$ cat structure00.txt   # compact mmCIF, C-alpha atoms and all ligand atoms
# COMPACT_ATOMS: atom_id res chain seq x y z
CA MET A 257 -4.68 35.03 4.30
CA SER A 258 -6.29 35.87 0.97
CA GLU A 259 -9.87 35.01 0.05
CA THR A 260 -8.71 32.45 -2.52
CA ASN A 261 -6.19 29.73 -1.92
CA ASP A 262 -2.68 30.66 -2.97
CA HIS A 263 -1.51 27.29 -1.60
CA GLU A 264 0.66 28.44 1.25
CA ARG A 265 0.13 24.94 2.60
CA ARG A 266 1.50 22.16 0.38
CA PRO A 267 -1.49 20.66 -1.44
CA VAL A 268 -2.39 16.98 -1.10
CA ILE A 269 -4.13 14.77 -3.65
CA ALA A 270 -4.97 11.36 -2.21
CA GLY A 271 -6.63 8.59 -4.22
CA ASN A 272 -8.66 6.12 -2.15
CA TRP A 273 -8.97 2.97 -4.26
CA LYS A 274 -11.42 1.42 -1.76
CA MET A 275 -11.93 -2.31 -2.59
CA ASN A 276 -10.57 -1.86 -6.14
CA PRO A 277 -9.15 -2.97 -8.52
CA ARG A 278 -10.09 -6.62 -8.53
CA ASP A 279 -6.67 -8.28 -8.29
CA LEU A 280 -2.95 -7.71 -7.83
CA GLU A 281 -2.24 -7.59 -11.54
CA SER A 282 -4.80 -4.82 -12.12
CA ALA A 283 -3.48 -2.91 -9.11
CA GLY A 284 0.02 -3.11 -10.58
CA ASP A 285 -1.29 -1.88 -13.94
CA LEU A 286 -3.00 1.08 -12.28
CA ALA A 287 0.11 1.99 -10.27
CA GLU A 288 2.28 1.75 -13.40
CA GLY A 289 -0.20 3.85 -15.36
CA ILE A 290 -0.17 6.54 -12.68
CA ALA A 291 3.62 6.50 -12.49
CA SER A 292 3.95 6.87 -16.24
CA LYS A 293 1.38 9.70 -16.43
CA LEU A 294 2.84 11.64 -13.55
CA GLY A 295 6.48 10.94 -14.30
CA TYR A 296 9.14 10.31 -11.75
CA ASP A 297 10.25 13.83 -11.03
CA GLU A 298 7.32 15.91 -12.19
CA ILE A 299 5.46 16.34 -8.93
CA VAL A 300 7.41 18.71 -6.77
CA ASP A 301 4.79 21.13 -5.51
CA LYS A 302 2.22 18.79 -3.96
CA ASP A 303 1.89 15.55 -2.03
CA VAL A 304 0.37 12.79 -4.14
CA ILE A 305 -0.78 9.67 -2.32
CA VAL A 306 -2.42 6.49 -3.60
CA ILE A 307 -4.31 4.36 -1.10
CA PRO A 308 -4.75 0.79 -2.37
CA PRO A 309 -6.31 -2.15 -0.54
CA THR A 310 -3.93 -3.61 2.06
CA PRO A 311 -2.86 -6.74 0.08
CA PHE A 312 -1.60 -4.52 -2.76
CA ILE A 313 0.36 -1.97 -0.71
CA SER A 314 3.67 -3.80 -0.90
CA ASP A 315 3.65 -4.21 -4.70
CA VAL A 316 2.27 -0.73 -5.36
CA SER A 317 4.98 0.76 -3.09
CA GLN A 318 7.66 -1.05 -5.04
CA ILE A 319 6.27 0.12 -8.37
CA LEU A 320 6.17 3.72 -7.12
CA GLU A 321 9.47 3.54 -5.26
CA LEU A 322 11.32 5.86 -7.63
CA SER A 323 8.44 8.28 -8.01
CA ASN A 324 7.35 11.09 -5.69
CA ILE A 325 4.04 9.31 -5.16
CA GLN A 326 3.42 8.07 -1.65
CA VAL A 327 1.32 5.09 -0.61
CA GLY A 328 -1.27 4.98 2.14
CA ALA A 329 -3.49 2.38 3.80
CA GLN A 330 -7.26 2.53 4.11
CA ALA A 331 -7.51 1.36 7.71
CA MET A 332 -5.51 -0.08 10.59
CA SER A 333 -6.00 -1.60 13.98
CA PRO A 334 -5.54 0.58 17.04
CA GLU A 335 -3.63 -2.38 18.51
CA ASN A 336 0.07 -2.94 17.93
CA GLY A 337 -0.06 -6.73 17.71
CA GLY A 338 -1.32 -9.91 19.36
CA ALA A 339 -4.54 -11.88 19.27
CA HIS A 340 -6.62 -9.76 16.88
CA THR A 341 -7.63 -12.06 14.05
CA GLY A 342 -7.98 -10.31 10.72
CA GLU A 343 -6.48 -7.03 11.92
CA VAL A 344 -3.43 -5.22 10.54
CA SER A 345 -1.17 -3.02 12.64
CA GLY A 346 0.37 0.32 11.74
CA LYS A 347 3.81 -1.20 12.05
CA MET A 348 2.91 -3.89 9.48
CA LEU A 349 1.60 -1.26 7.09
CA LYS A 350 4.73 0.80 7.49
CA SER A 351 6.94 -2.22 6.89
CA VAL A 352 5.35 -2.76 3.45
CA GLY A 353 5.71 0.87 2.39
CA ALA A 354 2.72 2.82 3.70
CA THR A 355 3.38 6.38 4.84
CA HIS A 356 -0.23 7.45 5.50
CA VAL A 357 -3.39 5.82 6.78
CA LEU A 358 -7.04 6.84 6.58
CA ALA A 359 -8.87 6.99 9.91
CA GLY A 360 -12.62 7.26 10.17
CA HIS A 361 -13.63 7.05 6.52
CA SER A 362 -17.43 7.26 6.49
CA GLU A 363 -17.71 3.82 4.89
CA ARG A 364 -16.00 2.44 8.01
CA ARG A 365 -17.93 4.66 10.43
CA THR A 366 -21.13 3.32 8.82
CA GLY A 367 -19.76 -0.16 9.45
CA GLY A 368 -19.54 0.58 13.18
CA GLU A 369 -16.36 2.57 13.84
CA THR A 370 -16.96 5.11 16.58
CA ASP A 371 -15.16 8.38 17.33
CA VAL A 372 -13.35 6.59 20.16
CA MET A 373 -12.07 3.90 17.77
CA VAL A 374 -11.09 6.49 15.18
CA ASN A 375 -9.18 8.46 17.81
CA ALA A 376 -7.34 5.32 18.93
CA GLN A 377 -6.31 4.70 15.31
CA VAL A 378 -5.09 8.28 14.90
CA ARG A 379 -2.96 8.07 18.04
CA THR A 380 -1.58 4.62 17.23
CA ALA A 381 -0.75 5.73 13.68
CA LEU A 382 1.22 8.67 15.06
CA ASP A 383 3.02 6.40 17.52
CA GLN A 384 4.02 4.21 14.54
CA SER A 385 5.19 7.22 12.47
CA LEU A 386 2.32 6.84 10.02
CA ARG A 387 0.54 10.02 8.98
CA PRO A 388 -3.18 9.79 9.72
CA ILE A 389 -5.75 11.29 7.38
CA LEU A 390 -8.65 11.89 9.76
CA CYS A 391 -11.92 11.74 7.82
CA VAL A 392 -14.96 13.62 9.08
CA GLY A 393 -18.30 14.49 7.52
CA GLU A 394 -22.01 14.78 8.11
CA GLU A 395 -24.93 12.72 6.82
CA LEU A 396 -27.52 14.47 4.64
CA ASN A 397 -30.18 14.54 7.36
CA VAL A 398 -27.72 16.23 9.71
CA ARG A 399 -26.99 18.94 7.11
CA GLU A 400 -30.69 19.41 6.47
CA ALA A 401 -31.28 19.83 10.20
CA GLY A 402 -28.66 22.60 10.29
CA ASP A 403 -26.34 20.55 12.48
CA ALA A 404 -23.48 19.93 10.05
CA VAL A 405 -20.88 22.31 11.53
CA HIS A 406 -21.52 21.14 15.08
CA THR A 407 -21.33 17.47 14.08
CA VAL A 408 -18.18 17.79 11.99
CA CYS A 409 -16.35 19.93 14.58
CA ALA A 410 -17.26 17.39 17.27
CA GLN A 411 -15.79 14.61 15.08
CA VAL A 412 -12.60 16.67 14.68
CA ALA A 413 -12.27 17.24 18.43
CA ALA A 414 -12.98 13.59 19.23
CA GLY A 415 -10.64 12.28 16.55
CA LEU A 416 -7.77 14.45 17.79
CA LYS A 417 -8.20 13.79 21.51
CA GLY A 418 -4.77 13.26 23.08
CA VAL A 419 -2.90 14.35 19.93
CA THR A 420 -0.27 16.97 20.78
CA ALA A 421 0.31 20.23 18.94
CA GLU A 422 3.69 18.84 17.85
CA GLN A 423 2.04 15.73 16.38
CA MET A 424 -0.42 17.87 14.42
CA THR A 425 2.27 18.53 11.79
CA GLU A 426 1.75 14.87 10.76
CA VAL A 427 -2.05 14.94 10.70
CA ILE A 428 -4.19 15.68 7.64
CA VAL A 429 -7.94 16.25 8.04
CA ALA A 430 -10.36 15.35 5.26
CA TYR A 431 -13.86 16.82 5.19
CA GLU A 432 -16.05 14.35 3.33
CA PRO A 433 -19.80 14.97 3.51
CA VAL A 434 -21.29 11.47 3.53
CA TRP A 435 -23.97 12.45 1.00
CA ALA A 436 -21.29 13.45 -1.50
CA ILE A 437 -19.17 10.29 -1.40
CA GLY A 438 -19.60 8.17 -4.50
CA THR A 439 -22.87 9.88 -5.41
CA GLY A 440 -21.75 12.43 -7.99
CA MET A 441 -23.24 15.12 -5.70
CA THR A 442 -20.16 17.25 -5.01
CA ALA A 443 -20.53 19.90 -2.30
CA SER A 444 -20.56 23.38 -3.80
CA PRO A 445 -17.18 25.10 -3.58
CA GLU A 446 -18.77 27.57 -1.14
CA ASP A 447 -20.09 24.80 1.15
CA ALA A 448 -16.74 22.96 1.01
CA GLY A 449 -15.00 26.27 1.72
CA SER A 450 -17.21 27.21 4.63
CA MET A 451 -16.95 23.80 6.34
CA THR A 452 -13.18 23.62 5.92
CA GLU A 453 -12.99 27.10 7.46
CA SER A 454 -15.06 25.87 10.43
CA ILE A 455 -12.73 22.88 10.79
CA ARG A 456 -9.72 25.21 10.82
CA ASP A 457 -11.44 27.33 13.49
CA GLN A 458 -12.00 24.17 15.54
CA ILE A 459 -8.32 23.22 15.23
CA SER A 460 -7.41 26.75 16.27
CA LEU A 461 -9.60 26.40 19.38
CA LEU A 462 -7.83 23.15 20.22
CA TYR A 463 -4.23 24.04 19.32
CA GLY A 464 -3.99 27.75 18.55
CA GLU A 465 -3.87 29.65 15.30
CA ASP A 466 -0.35 28.67 14.20
CA VAL A 467 -1.14 24.95 14.26
CA ALA A 468 -4.51 25.60 12.58
CA GLN A 469 -2.90 27.56 9.77
CA ALA A 470 -0.31 24.84 9.19
CA THR A 471 -2.76 21.90 9.11
CA ARG A 472 -3.78 20.59 5.68
CA ILE A 473 -7.54 20.16 5.26
CA LEU A 474 -8.85 18.25 2.25
CA TYR A 475 -12.28 18.07 0.68
CA GLY A 476 -13.62 14.70 -0.49
CA GLY A 477 -16.88 13.72 -2.18
CA SER A 478 -17.24 13.21 -5.95
CA VAL A 479 -14.17 15.26 -6.83
CA LYS A 480 -13.29 15.03 -10.53
CA PRO A 481 -10.75 16.68 -12.83
CA SER A 482 -13.57 19.01 -13.95
CA ASN A 483 -14.40 20.38 -10.49
CA ILE A 484 -11.11 20.23 -8.60
CA GLY A 485 -10.01 23.67 -9.80
CA GLU A 486 -13.00 25.47 -8.26
CA LEU A 487 -12.73 23.52 -5.01
CA MET A 488 -9.02 24.29 -4.70
CA LYS A 489 -9.72 28.02 -4.95
CA GLN A 490 -11.36 27.92 -1.53
CA LYS A 491 -8.92 29.39 0.96
CA ASP A 492 -9.18 26.52 3.46
CA VAL A 493 -9.24 23.63 0.96
CA ASP A 494 -5.70 22.29 0.70
CA GLY A 495 -6.36 19.27 -1.46
CA ALA A 496 -8.71 16.40 -2.17
CA LEU A 497 -9.40 12.86 -1.07
CA VAL A 498 -10.80 11.13 -4.12
CA GLY A 499 -12.41 7.74 -4.66
CA GLY A 500 -13.92 6.99 -8.08
CA ALA A 501 -11.86 9.47 -10.10
CA SER A 502 -8.61 8.06 -8.71
CA LEU A 503 -9.17 4.64 -10.31
CA LYS A 504 -8.04 5.56 -13.82
CA ALA A 505 -4.53 6.85 -14.45
CA GLU A 506 -5.80 9.57 -16.83
CA SER A 507 -8.32 11.02 -14.40
CA PHE A 508 -5.89 10.78 -11.48
CA GLU A 509 -3.43 12.74 -13.62
CA GLY A 510 -6.23 15.24 -14.31
CA LEU A 511 -6.77 15.70 -10.58
CA VAL A 512 -3.09 16.17 -9.79
CA LYS A 513 -2.59 18.62 -12.64
CA GLY A 514 -6.04 20.20 -12.49
CA PHE A 515 -5.24 23.23 -10.32
C1 LIG B 601 -13.80 8.65 -0.90
O1 LIG B 601 -13.79 7.44 -1.07
O2 LIG B 601 -13.22 9.12 0.09
C2 LIG B 601 -14.48 9.49 -1.86
C3 LIG B 601 -14.52 10.78 -1.65
O3 LIG B 601 -15.07 8.87 -2.94
P1 LIG B 601 -15.63 9.60 -4.28
O4 LIG B 601 -14.55 10.52 -4.77
O5 LIG B 601 -15.89 8.47 -5.23
O6 LIG B 601 -16.84 10.36 -3.90

$ encode --input "structure00.txt" --output "structure tokens" --more "lines below"
Ligand code: PEP
Amino acid sequence: MSETNDHERRPVIAGNWKMNPRDLESAGDLAEGIASKLGYDEIVDKDVIVIPPTPFISDVSQILELSNIQVGAQAMSPENGGAHTGEVSGKMLKSVGATHVLAGHSERRTGGETDVMVNAQVRTALDQSLRPILCVGEELNVREAGDAVHTVCAQVAAGLKGVTAEQMTEVIVAYEPVWAIGTGMTASPEDAGSMTESIRDQISLLYGEDVAQATRILYGGSVKPSNIGELMKQKDVDGALVGGASLKAESFEGLVKGF
């Protein structure tokens, strides 16, 4: 593999809308704006995914139905159904148009999700034919203590427990340093490159080099149209998971077309 990324793996740009926009009408406007900016047949060389709040998935999926843009969910229950008030199953998400689901976003880990819960979501998503985007990343104090690689690789191993090599074709991993999410403090391309390389090494340890080389690994944390090009040059960065800059059709277009 070359030192810079010649995109042997199909790149992924995923926009995590978090708890935005404020209502269904605005979500529809954003989806329509993205569809009109990116066209309906323009994106052929990358996977583009928007990840709206759960109540908007159905409408956003319908708006994007004729486009190449896929729709994901931000979270799901590890349970398949039953007495779990307030929870949403993978099957429900799939039935309203979701193809992907985030697992272990740091905002949810901070809210109490453990590696065990994240792993259960990853495995249930795969059972329901949803593609999990497993999010991992270290806190600033962990990086400062020199423990970032160890911590992130442990999250990868824990998140993938029980996932088979065959299932790994459906899994995307997103490295999102917690200190870079929503702060404007993007990791340097070199730091993003070196951690994604360590993640690939960890996947190789778990599944062998062929699976590791085929797995898409994203960087997330204050990615913008102005910095995506440099990040995407890193040989192990296969795309981006983006929050803030995915909330305007113009900047989402800039991300998708920015490398
Ligand atoms: C995210 O929500 O996963 C994220 C990376 O957010 P932002 O791009 O705003 O840092």

$ atom_distance --input "structure00.txt" --atom1 "atom CA of Thr442 of chain A" --atom2 "atom CA of Met275 of chain A"
21.4 Å

$ closest_atom_pairs --input "structure00.txt" --of "chain A" --to "ligand LIG 601 (chain B)" --cutoff "10 Å" --atoms "only C-alpha atoms and all ligand atoms" --output "CSV"
residue,atom,partner,partner_atom,distance
A:Ala270,CA,B:LIG601,O2,8.9
A:Gly271,CA,B:LIG601,O2,7.9
A:Asn272,CA,B:LIG601,O1,5.4
A:Trp273,CA,B:LIG601,O1,7.3
A:Lys274,CA,B:LIG601,O1,6.5
A:Ile307,CA,B:LIG601,O1,10.0
A:Gln330,CA,B:LIG601,O1,9.7
A:Leu358,CA,B:LIG601,O2,9.2
A:His361,CA,B:LIG601,O2,6.8
A:Ser362,CA,B:LIG601,O2,7.9
A:Glu363,CA,B:LIG601,O1,8.0
A:Cys391,CA,B:LIG601,O2,8.3
A:Ala430,CA,B:LIG601,O2,8.6
A:Tyr431,CA,B:LIG601,C3,9.1
A:Glu432,CA,B:LIG601,C3,6.3
A:Pro433,CA,B:LIG601,C3,8.5
A:Val434,CA,B:LIG601,C3,8.6
A:Trp435,CA,B:LIG601,O6,8.9
A:Ala436,CA,B:LIG601,O6,5.9
A:Ile437,CA,B:LIG601,O6,3.4
A:Gly438,CA,B:LIG601,O6,3.6
A:Thr439,CA,B:LIG601,O6,6.2
A:Gly440,CA,B:LIG601,O6,6.7
A:Met441,CA,B:LIG601,O6,8.2
A:Thr442,CA,B:LIG601,O6,7.7
A:Tyr475,CA,B:LIG601,C3,8.0
A:Gly476,CA,B:LIG601,C3,4.2
A:Gly477,CA,B:LIG601,O6,3.8
A:Ser478,CA,B:LIG601,O6,3.5
A:Val479,CA,B:LIG601,O4,5.2
A:Lys480,CA,B:LIG601,O4,7.4
A:Ala496,CA,B:LIG601,C3,8.1
A:Leu497,CA,B:LIG601,O2,5.5
A:Val498,CA,B:LIG601,O4,3.9
A:Gly499,CA,B:LIG601,O3,3.4
A:Gly500,CA,B:LIG601,O5,3.8
A:Ala501,CA,B:LIG601,O4,6.1
A:Ser502,CA,B:LIG601,O4,7.5
A:Leu503,CA,B:LIG601,O5,9.3

$ closest_residue --input "structure00.txt" --among "A:Ala468, A:Met373, A:Ile299, A:Ile269" --to "Val327 of chain A" --atoms "all atoms listed in the file"
A:Ile269

$ closest_residue --input "structure00.txt" --among "A:Thr370, A:Ser292, A:Ser385, A:Thr341" --to "Leu322 of chain A" --atoms "only C-alpha atoms"
A:Ser292

$ closest_residue --input "structure00.txt" --among "A:Glu343, A:Glu486, A:Asp492, A:Glu465" --to "Ser450 of chain A" --atoms "only C-alpha atoms"
A:Asp492

$ closest_residue --input "structure00.txt" --among "A:Thr471, A:Gln411, A:Asn324, A:Asn276" --to "Val374 of chain A" --atoms "all atoms listed in the file"
A:Gln411

$ closest_residue --input "structure00.txt" --among "A:Thr452, A:Thr366, A:Gln326, A:Pro308" --to "Ser282 of chain A" --atoms "all atoms listed in the file"
A:Pro308

$ closest_residue --input "structure00.txt" --among "A:Ser351, A:Glu395, A:Met332, A:Ala339" --to "Arg379 of chain A" --atoms "all atoms listed in the file"
A:Met332

$ atom_distance --input "structure00.txt" --atom1 "atom CA of Arg472 of chain A" --atom2 "atom CA of Arg265 of chain A"
6.6 Å

$ atom_distance --input "structure00.txt" --atom1 "atom CA of Arg399 of chain A" --atom2 "atom CA of Asp447 of chain A"
10.8 Å

$ residues_around --input "structure00.txt" --residues "Leu286 of chain A" --least-positions-apart "3" --cutoff "12 Å" --atoms "all atoms listed in the file" --output "VMD selection string"
chain A and resid 271 273 276 to 283 289 to 293 306 to 308 312 315 to 316 319 to 320 502 to 509

$ residues_around --input "structure00.txt" --residues "Gln458 of chain A" --least-positions-apart "6" --cutoff "8 Å" --atoms "only C-alpha atoms" --output "PDB file with C-alpha atoms, keeping the file's coordinate frame"
ATOM      1  CA  CYS A 409     -16.350  19.930  14.580  1.00  0.00           C
ATOM      2  CA  VAL A 412     -12.600  16.670  14.680  1.00  0.00           C
ATOM      3  CA  ALA A 413     -12.270  17.240  18.430  1.00  0.00           C
TER       4      ALA A 413
END

$ residues_near_point --input "structure00.txt" --point "(-10.6, 16.9, -14.9)" --cutoff "6 Å" --atoms "all atoms listed in the file" --output "PyMOL selection string"
chain A and resi 480-482+510-511

$ axis_aligned_box --input "structure00.txt" --around "segment 353-360 of chain A" --padding-each-side "4 Å" --output "lines of an AutoDock Vina configuration file"
center_x = -3.5
center_y = 4.2
center_z = 6.3
size_x = 26.3
size_y = 14.6
size_z = 15.8

$ residues_around --input "structure00.txt" --residues "Glu264 of chain A" --least-positions-apart "6" --cutoff "10 Å" --atoms "only C-alpha atoms" --output "PyMOL selection string"
chain A and resi 257+469-470+491+494

$ residues_near_point --input "structure00.txt" --point "(-1.3, 5.6, 4.5)" --cutoff "12 Å" --atoms "only C-alpha atoms" --output "ChimeraX atom specification"
/A:270-273,304-310,313-314,317,325-332,345-359,377-378,381-382,384-390,426-428

$ build_atoms --input "structure00.txt" --residues "segment 309-328 of chain A" --atoms "N, CA, C and O atoms" --output "PDB file, in the frame of the given file"
ATOM      1  N   PRO A 309      -5.959  -1.160  -1.564  1.00  0.00           N
ATOM      2  CA  PRO A 309      -6.310  -2.150  -0.540  1.00  0.00           C
ATOM      3  C   PRO A 309      -5.033  -2.738   0.073  1.00  0.00           C
ATOM      4  O   PRO A 309      -3.999  -2.847  -0.614  1.00  0.00           O
ATOM      5  N   THR A 310      -5.114  -3.151   1.316  1.00  0.00           N
ATOM      6  CA  THR A 310      -3.930  -3.610   2.060  1.00  0.00           C
ATOM      7  C   THR A 310      -3.091  -4.674   1.327  1.00  0.00           C
ATOM      8  O   THR A 310      -1.866  -4.563   1.306  1.00  0.00           O
ATOM      9  N   PRO A 311      -3.710  -5.708   0.698  1.00  0.00           N
ATOM     10  CA  PRO A 311      -2.860  -6.740   0.080  1.00  0.00           C
ATOM     11  C   PRO A 311      -2.005  -6.221  -1.070  1.00  0.00           C
ATOM     12  O   PRO A 311      -1.062  -6.893  -1.483  1.00  0.00           O
ATOM     13  N   PHE A 312      -2.337  -5.037  -1.604  1.00  0.00           N
ATOM     14  CA  PHE A 312      -1.600  -4.520  -2.760  1.00  0.00           C
ATOM     15  C   PHE A 312      -0.551  -3.479  -2.378  1.00  0.00           C
ATOM     16  O   PHE A 312       0.195  -3.003  -3.238  1.00  0.00           O
ATOM     17  N   ILE A 313      -0.515  -3.095  -1.106  1.00  0.00           N
ATOM     18  CA  ILE A 313       0.360  -1.970  -0.710  1.00  0.00           C
ATOM     19  C   ILE A 313       1.822  -2.262  -1.032  1.00  0.00           C
ATOM     20  O   ILE A 313       2.541  -1.412  -1.571  1.00  0.00           O
ATOM     21  N   SER A 314       2.261  -3.468  -0.718  1.00  0.00           N
ATOM     22  CA  SER A 314       3.670  -3.800  -0.900  1.00  0.00           C
ATOM     23  C   SER A 314       4.080  -3.658  -2.371  1.00  0.00           C
ATOM     24  O   SER A 314       5.062  -2.985  -2.703  1.00  0.00           O
ATOM     25  N   ASP A 315       3.306  -4.266  -3.270  1.00  0.00           N
ATOM     26  CA  ASP A 315       3.650  -4.210  -4.700  1.00  0.00           C
ATOM     27  C   ASP A 315       3.538  -2.791  -5.250  1.00  0.00           C
ATOM     28  O   ASP A 315       4.402  -2.327  -6.000  1.00  0.00           O
ATOM     29  N   VAL A 316       2.462  -2.098  -4.857  1.00  0.00           N
ATOM     30  CA  VAL A 316       2.270  -0.730  -5.360  1.00  0.00           C
ATOM     31  C   VAL A 316       3.421   0.164  -4.864  1.00  0.00           C
ATOM     32  O   VAL A 316       3.954   0.986  -5.611  1.00  0.00           O
ATOM     33  N   SER A 317       3.854  -0.032  -3.629  1.00  0.00           N
ATOM     34  CA  SER A 317       4.980   0.760  -3.090  1.00  0.00           C
ATOM     35  C   SER A 317       6.241   0.515  -3.903  1.00  0.00           C
ATOM     36  O   SER A 317       6.995   1.450  -4.184  1.00  0.00           O
ATOM     37  N   GLN A 318       6.460  -0.748  -4.265  1.00  0.00           N
ATOM     38  CA  GLN A 318       7.660  -1.050  -5.040  1.00  0.00           C
ATOM     39  C   GLN A 318       7.597  -0.419  -6.432  1.00  0.00           C
ATOM     40  O   GLN A 318       8.581   0.133  -6.920  1.00  0.00           O
ATOM     41  N   ILE A 319       6.419  -0.482  -7.036  1.00  0.00           N
ATOM     42  CA  ILE A 319       6.270   0.120  -8.370  1.00  0.00           C
ATOM     43  C   ILE A 319       6.510   1.632  -8.313  1.00  0.00           C
ATOM     44  O   ILE A 319       7.104   2.224  -9.213  1.00  0.00           O
ATOM     45  N   LEU A 320       6.078   2.249  -7.217  1.00  0.00           N
ATOM     46  CA  LEU A 320       6.170   3.720  -7.120  1.00  0.00           C
ATOM     47  C   LEU A 320       7.421   4.188  -6.386  1.00  0.00           C
ATOM     48  O   LEU A 320       7.578   5.385  -6.132  1.00  0.00           O
ATOM     49  N   GLU A 321       8.299   3.249  -6.101  1.00  0.00           N
ATOM     50  CA  GLU A 321       9.470   3.540  -5.260  1.00  0.00           C
ATOM     51  C   GLU A 321      10.287   4.730  -5.772  1.00  0.00           C
ATOM     52  O   GLU A 321      10.734   5.570  -5.001  1.00  0.00           O
ATOM     53  N   LEU A 322      10.469   4.795  -7.083  1.00  0.00           N
ATOM     54  CA  LEU A 322      11.320   5.860  -7.630  1.00  0.00           C
ATOM     55  C   LEU A 322      10.537   7.115  -7.986  1.00  0.00           C
ATOM     56  O   LEU A 322      11.089   8.077  -8.501  1.00  0.00           O
ATOM     57  N   SER A 323       9.251   7.100  -7.714  1.00  0.00           N
ATOM     58  CA  SER A 323       8.440   8.280  -8.010  1.00  0.00           C
ATOM     59  C   SER A 323       8.308   9.121  -6.740  1.00  0.00           C
ATOM     60  O   SER A 323       8.753   8.730  -5.672  1.00  0.00           O
ATOM     61  N   ASN A 324       7.640  10.276  -6.886  1.00  0.00           N
ATOM     62  CA  ASN A 324       7.350  11.090  -5.690  1.00  0.00           C
ATOM     63  C   ASN A 324       5.985  10.741  -5.124  1.00  0.00           C
ATOM     64  O   ASN A 324       5.470  11.466  -4.284  1.00  0.00           O
ATOM     65  N   ILE A 325       5.389   9.667  -5.616  1.00  0.00           N
ATOM     66  CA  ILE A 325       4.040   9.310  -5.160  1.00  0.00           C
ATOM     67  C   ILE A 325       4.137   8.431  -3.922  1.00  0.00           C
ATOM     68  O   ILE A 325       4.887   7.450  -3.898  1.00  0.00           O
ATOM     69  N   GLN A 326       3.397   8.830  -2.899  1.00  0.00           N
ATOM     70  CA  GLN A 326       3.420   8.070  -1.650  1.00  0.00           C
ATOM     71  C   GLN A 326       2.247   7.091  -1.609  1.00  0.00           C
ATOM     72  O   GLN A 326       1.301   7.208  -2.385  1.00  0.00           O
ATOM     73  N   VAL A 327       2.342   6.145  -0.686  1.00  0.00           N
ATOM     74  CA  VAL A 327       1.320   5.090  -0.610  1.00  0.00           C
ATOM     75  C   VAL A 327       0.723   5.080   0.799  1.00  0.00           C
ATOM     76  O   VAL A 327       1.453   5.147   1.795  1.00  0.00           O
ATOM     77  N   GLY A 328      -0.590   5.011   0.848  1.00  0.00           N
ATOM     78  CA  GLY A 328      -1.270   4.980   2.140  1.00  0.00           C
ATOM     79  C   GLY A 328      -2.066   3.692   2.296  1.00  0.00           C
ATOM     80  O   GLY A 328      -2.204   2.903   1.362  1.00  0.00           O
TER      81      GLY A 328
END
